[in-house]
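S.K.: Could you have a look at this structure, given as structure tokens, before my questions?
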Amino acid sequence: MAEEQWRHRRGGVETALRTSAVWSSVRSLIERRQGELGRPLRVLDLGGGTGGLAVPLAELGHQVTVVDPSPDALASLSRRSAERGVADRVTALQGDADSLAGFVGDQQVDLVCCHGTLEVVDDPEATLVALAGVLAPGGYLSLVAAGRLAAVLARALAGQFAQAHTALTSADGRWGGADPLPRRFDAAALRSLVEQTGLVVEDVHGVRVFSDLVPSALIDSDADRVALLELEEAATGHPDFGFLGQLGAAVHVLARR
């Protein structure tokens with residue numbers, strides 16, 4: 001499918017509120033790295049599920065391996081990649097972080113994506129070590145993980161003040177026993193975890209500062225969605241008010257080996 005066709009699709013990777021900011025950063029990174037290498041990239045997507053990121057990357061010409069523990073998600077990925085005409089550039093493998101070295105072998109990758117996965121794995125530190133271990137020299141890690149302060153704000157706005165306090169002060173960023181996530185991260189803590197693997201962090205920013213708080217009825221039109229995305233970008237990249245990114249529902253870290 002031509003780039004113009006999927007770029008403007010409603011809810012596509014570049015326009016969906018949950019993915020637009022992350023996709024923009026990842027795309028800029030891969031374009032720069034592809035220019036350096038003079039070839040398409042080898043990409044590994046841990047926890048990539050049904051291919052929301054992998055398929056658009058494959059449509060740009062890159063070879064993408066998705067490692068996910070869910071056979072159902074991988075089956076959906078295979079169908080999606082076939083429907084979009086990129087099945088030859090997408091490999092679906094059932095496994096987890098412990099499997100990565102065996103899957104990659106001597107063919108280290110140029111980009112590792114770990115989006116929405118670190119908050120649910122058994123051992124975040126070991127997972128990051130495994131991710132760093134399969135990166136080629138000069139390769140990049142794109143890491144997206146749930147942010148603590150967004151949960152604090154959401155619980156407070158819902159009138160759950162004790163839960164908000166718990167999310168703010170607990171070691172794992174959870175608001176209580178019924179919290180569906182095993183952990184959330186502060187930007188500084190996530191940076192520290194990545195740096196402990198030996199990778200060099202190049203950028204840390206929050207994503208989805210406002211979009212998870214705005215009622216869906218207020219973003220019913222394309223114009224509303226574009227305006228909200230522009231506000232998100234301005235808030236997280238503002239030279240004076242970049243701290244607003246700390247309120248993002250997720251933290252995005254870009255690091256290089």
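Order determines the names: the first chain of the structure tokens is A, the second B, and so forth; residues in each chain are numbered 1 upward, and ligands are numbered 1 upward as they are shown.
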Applying 12 Å and only C-alpha atoms, which residues near Val121 of chain A remain after dropping the ones on its own chain fewer than 5 positions away? List them as a tab-separated table (two decimals) with C-alpha atoms, in the first residue's frame.
M.R.:
```tsv
chain	number	residue	atom	x	y	z
A	46	LEU	CA	9.09	-7.27	21.52
A	47	GLY	CA	5.46	-7.60	22.52
A	68	ASP	CA	5.12	-12.02	21.38
A	69	PRO	CA	3.89	-14.71	23.81
A	96	ASP	CA	9.49	-13.47	25.23
A	97	ALA	CA	12.61	-11.56	26.24
A	98	ASP	CA	14.36	-14.79	27.25
A	114	CYS	CA	9.47	-2.41	23.29
A	115	HIS	CA	6.19	-0.54	23.52
A	116	GLY	CA	3.69	-1.18	26.31
A	126	ALA	CA	16.52	-8.53	32.73
A	127	THR	CA	14.27	-7.63	29.81
A	128	LEU	CA	16.22	-4.45	29.12
A	145	ALA	CA	6.23	2.30	29.24
A	181	LEU	CA	-0.83	-2.98	35.75
A	182	PRO	CA	2.03	-4.59	37.67
A	183	ARG	CA	4.05	-1.36	37.63
A	184	ARG	CA	4.45	2.15	36.23
```
S.K.: Which residues are near Ser192 of chain A? Cut-off 12 Å, only C-alpha atoms, ignore same chain within fewer than 4 positions. Put them as a PyMOL selection string.
M.R.: chain A and resi 125+128+185-188+196-201+204+253+255
S.K.: Could you write out the selected residues, including C-alpha atoms, as an mmCIF file, in the first residue's frame?
M.R.:
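Output saved as part30.cif:
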```cif
data_model
loop_
_atom_site.group_PDB
_atom_site.id
_atom_site.type_symbol
_atom_site.label_atom_id
_atom_site.label_comp_id
_atom_site.auth_asym_id
_atom_site.auth_seq_id
_atom_site.Cartn_x
_atom_site.Cartn_y
_atom_site.Cartn_z
ATOM 1 C CA GLU A 125 15.856 -5.152 34.350
ATOM 2 C CA LEU A 128 16.223 -4.448 29.122
ATOM 3 C CA PHE A 185 7.564 4.244 35.780
ATOM 4 C CA ASP A 186 8.874 7.731 36.423
ATOM 5 C CA ALA A 187 10.882 9.229 33.578
ATOM 6 C CA ALA A 188 14.022 9.412 35.720
ATOM 7 C CA GLN A 196 22.317 0.496 33.466
ATOM 8 C CA THR A 197 22.369 -1.697 30.355
ATOM 9 C CA GLY A 198 25.160 0.421 28.875
ATOM 10 C CA LEU A 199 22.967 2.168 26.319
ATOM 11 C CA VAL A 200 23.198 5.933 25.887
ATOM 12 C CA VAL A 201 19.868 7.691 26.362
ATOM 13 C CA VAL A 204 13.090 10.971 27.159
ATOM 14 C CA VAL A 253 12.814 6.629 25.814
ATOM 15 C CA ALA A 255 18.591 5.121 23.479
#
```
S.K.: Would you please extract all strand (DSSP E) residues from segment 53-236 of chain A, as assigned by DSSP on the backbone, and give them as a short mmCIF file (atom, residue, chain, number, x, y, z; two decimals) with N, CA and C atoms, in the first residue's frame?
M.R.:
```cif
data_model
loop_
_atom_site.label_atom_id
_atom_site.label_comp_id
_atom_site.auth_asym_id
_atom_site.auth_seq_id
_atom_site.Cartn_x
_atom_site.Cartn_y
_atom_site.Cartn_z
N GLN A 63 12.68 -4.86 7.45
CA GLN A 63 12.43 -6.23 7.86
C GLN A 63 12.13 -6.24 9.35
N VAL A 64 10.97 -6.74 9.73
CA VAL A 64 10.53 -6.66 11.13
C VAL A 64 10.23 -8.05 11.67
N THR A 65 10.82 -8.35 12.83
CA THR A 65 10.53 -9.57 13.55
C THR A 65 9.74 -9.21 14.80
N VAL A 66 8.57 -9.78 14.95
CA VAL A 66 7.73 -9.55 16.12
C VAL A 66 7.81 -10.77 17.02
N VAL A 67 8.21 -10.55 18.27
CA VAL A 67 8.25 -11.61 19.28
C VAL A 67 7.18 -11.31 20.31
N ASP A 68 6.25 -12.24 20.48
CA ASP A 68 5.12 -12.02 21.38
C ASP A 68 4.70 -13.38 21.95
N VAL A 90 7.66 -9.39 7.33
CA VAL A 90 7.28 -9.50 8.74
C VAL A 90 7.38 -10.96 9.17
N THR A 91 8.12 -11.18 10.25
CA THR A 91 8.27 -12.52 10.82
C THR A 91 7.63 -12.53 12.20
N ALA A 92 6.74 -13.49 12.44
CA ALA A 92 6.04 -13.60 13.72
C ALA A 92 6.59 -14.79 14.49
N LEU A 93 7.10 -14.54 15.71
CA LEU A 93 7.68 -15.60 16.53
C LEU A 93 7.07 -15.58 17.92
N GLN A 94 6.67 -16.73 18.40
CA GLN A 94 6.12 -16.82 19.76
C GLN A 94 7.26 -16.94 20.75
N VAL A 109 20.25 -6.58 15.47
CA VAL A 109 19.26 -5.72 14.83
C VAL A 109 19.62 -4.25 14.97
N ASP A 110 19.03 -3.45 14.08
CA ASP A 110 19.31 -2.02 14.05
C ASP A 110 18.38 -1.22 14.96
N LEU A 111 17.21 -1.76 15.23
CA LEU A 111 16.23 -1.08 16.08
C LEU A 111 15.45 -2.13 16.86
N VAL A 112 15.36 -1.93 18.16
CA VAL A 112 14.50 -2.75 19.01
C VAL A 112 13.38 -1.86 19.54
N CYS A 113 12.14 -2.31 19.38
CA CYS A 113 10.99 -1.60 19.92
C CYS A 113 10.40 -2.44 21.05
N CYS A 114 10.12 -1.77 22.15
CA CYS A 114 9.47 -2.41 23.29
C CYS A 114 8.44 -1.42 23.80
N HIS A 115 7.24 -1.52 23.26
CA HIS A 115 6.19 -0.54 23.52
C HIS A 115 5.04 -1.19 24.29
N LEU A 135 21.11 -5.64 20.11
CA LEU A 135 21.32 -4.46 19.27
C LEU A 135 22.71 -4.46 18.64
N ALA A 136 22.77 -4.15 17.38
CA ALA A 136 24.05 -3.96 16.70
C ALA A 136 24.68 -2.65 17.18
N PRO A 137 26.00 -2.53 17.09
CA PRO A 137 26.63 -1.25 17.42
C PRO A 137 26.00 -0.11 16.63
N GLY A 138 25.64 0.96 17.33
CA GLY A 138 24.96 2.08 16.70
C GLY A 138 23.46 1.91 16.63
N GLY A 139 22.95 0.74 17.05
CA GLY A 139 21.53 0.47 16.99
C GLY A 139 20.76 1.21 18.07
N TYR A 140 19.44 1.28 17.89
CA TYR A 140 18.59 2.06 18.78
C TYR A 140 17.58 1.18 19.52
N LEU A 141 17.23 1.63 20.70
CA LEU A 141 16.11 1.10 21.47
C LEU A 141 15.03 2.16 21.54
N SER A 142 13.79 1.78 21.19
CA SER A 142 12.62 2.63 21.40
C SER A 142 11.78 1.95 22.46
N LEU A 143 11.69 2.60 23.61
CA LEU A 143 11.01 2.01 24.76
C LEU A 143 9.86 2.91 25.20
N VAL A 144 8.66 2.33 25.27
CA VAL A 144 7.49 3.06 25.74
C VAL A 144 6.90 2.29 26.91
N ALA A 145 6.75 2.96 28.05
CA ALA A 145 6.23 2.30 29.24
C ALA A 145 5.25 3.22 29.97
N ALA A 146 4.35 2.63 30.73
CA ALA A 146 3.31 3.38 31.44
C ALA A 146 3.93 4.35 32.44
N VAL A 200 23.15 4.49 25.69
CA VAL A 200 23.20 5.93 25.89
C VAL A 200 21.82 6.51 25.57
N VAL A 201 21.20 7.11 26.56
CA VAL A 201 19.87 7.69 26.36
C VAL A 201 19.99 9.01 25.61
N GLU A 202 19.28 9.11 24.50
CA GLU A 202 19.32 10.33 23.70
C GLU A 202 18.10 11.21 23.90
N ASP A 203 16.98 10.63 24.31
CA ASP A 203 15.78 11.43 24.50
C ASP A 203 14.81 10.71 25.42
N VAL A 204 14.16 11.48 26.29
CA VAL A 204 13.09 10.97 27.16
C VAL A 204 11.96 11.98 27.12
N HIS A 205 10.77 11.54 26.75
CA HIS A 205 9.65 12.48 26.72
C HIS A 205 8.35 11.73 27.02
N GLY A 206 7.38 12.47 27.52
CA GLY A 206 6.08 11.89 27.79
C GLY A 206 5.21 11.90 26.54
N VAL A 207 4.29 10.97 26.46
CA VAL A 207 3.31 10.94 25.37
C VAL A 207 1.92 10.77 25.96
#
```
S.K.: Can you tell me how far atom CA of Trp23 of chain A sits from atom CA of Ala167 of chain A, in Å to one decimal?
M.R.: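 Computing it gives 28.0 Å between the two atoms.
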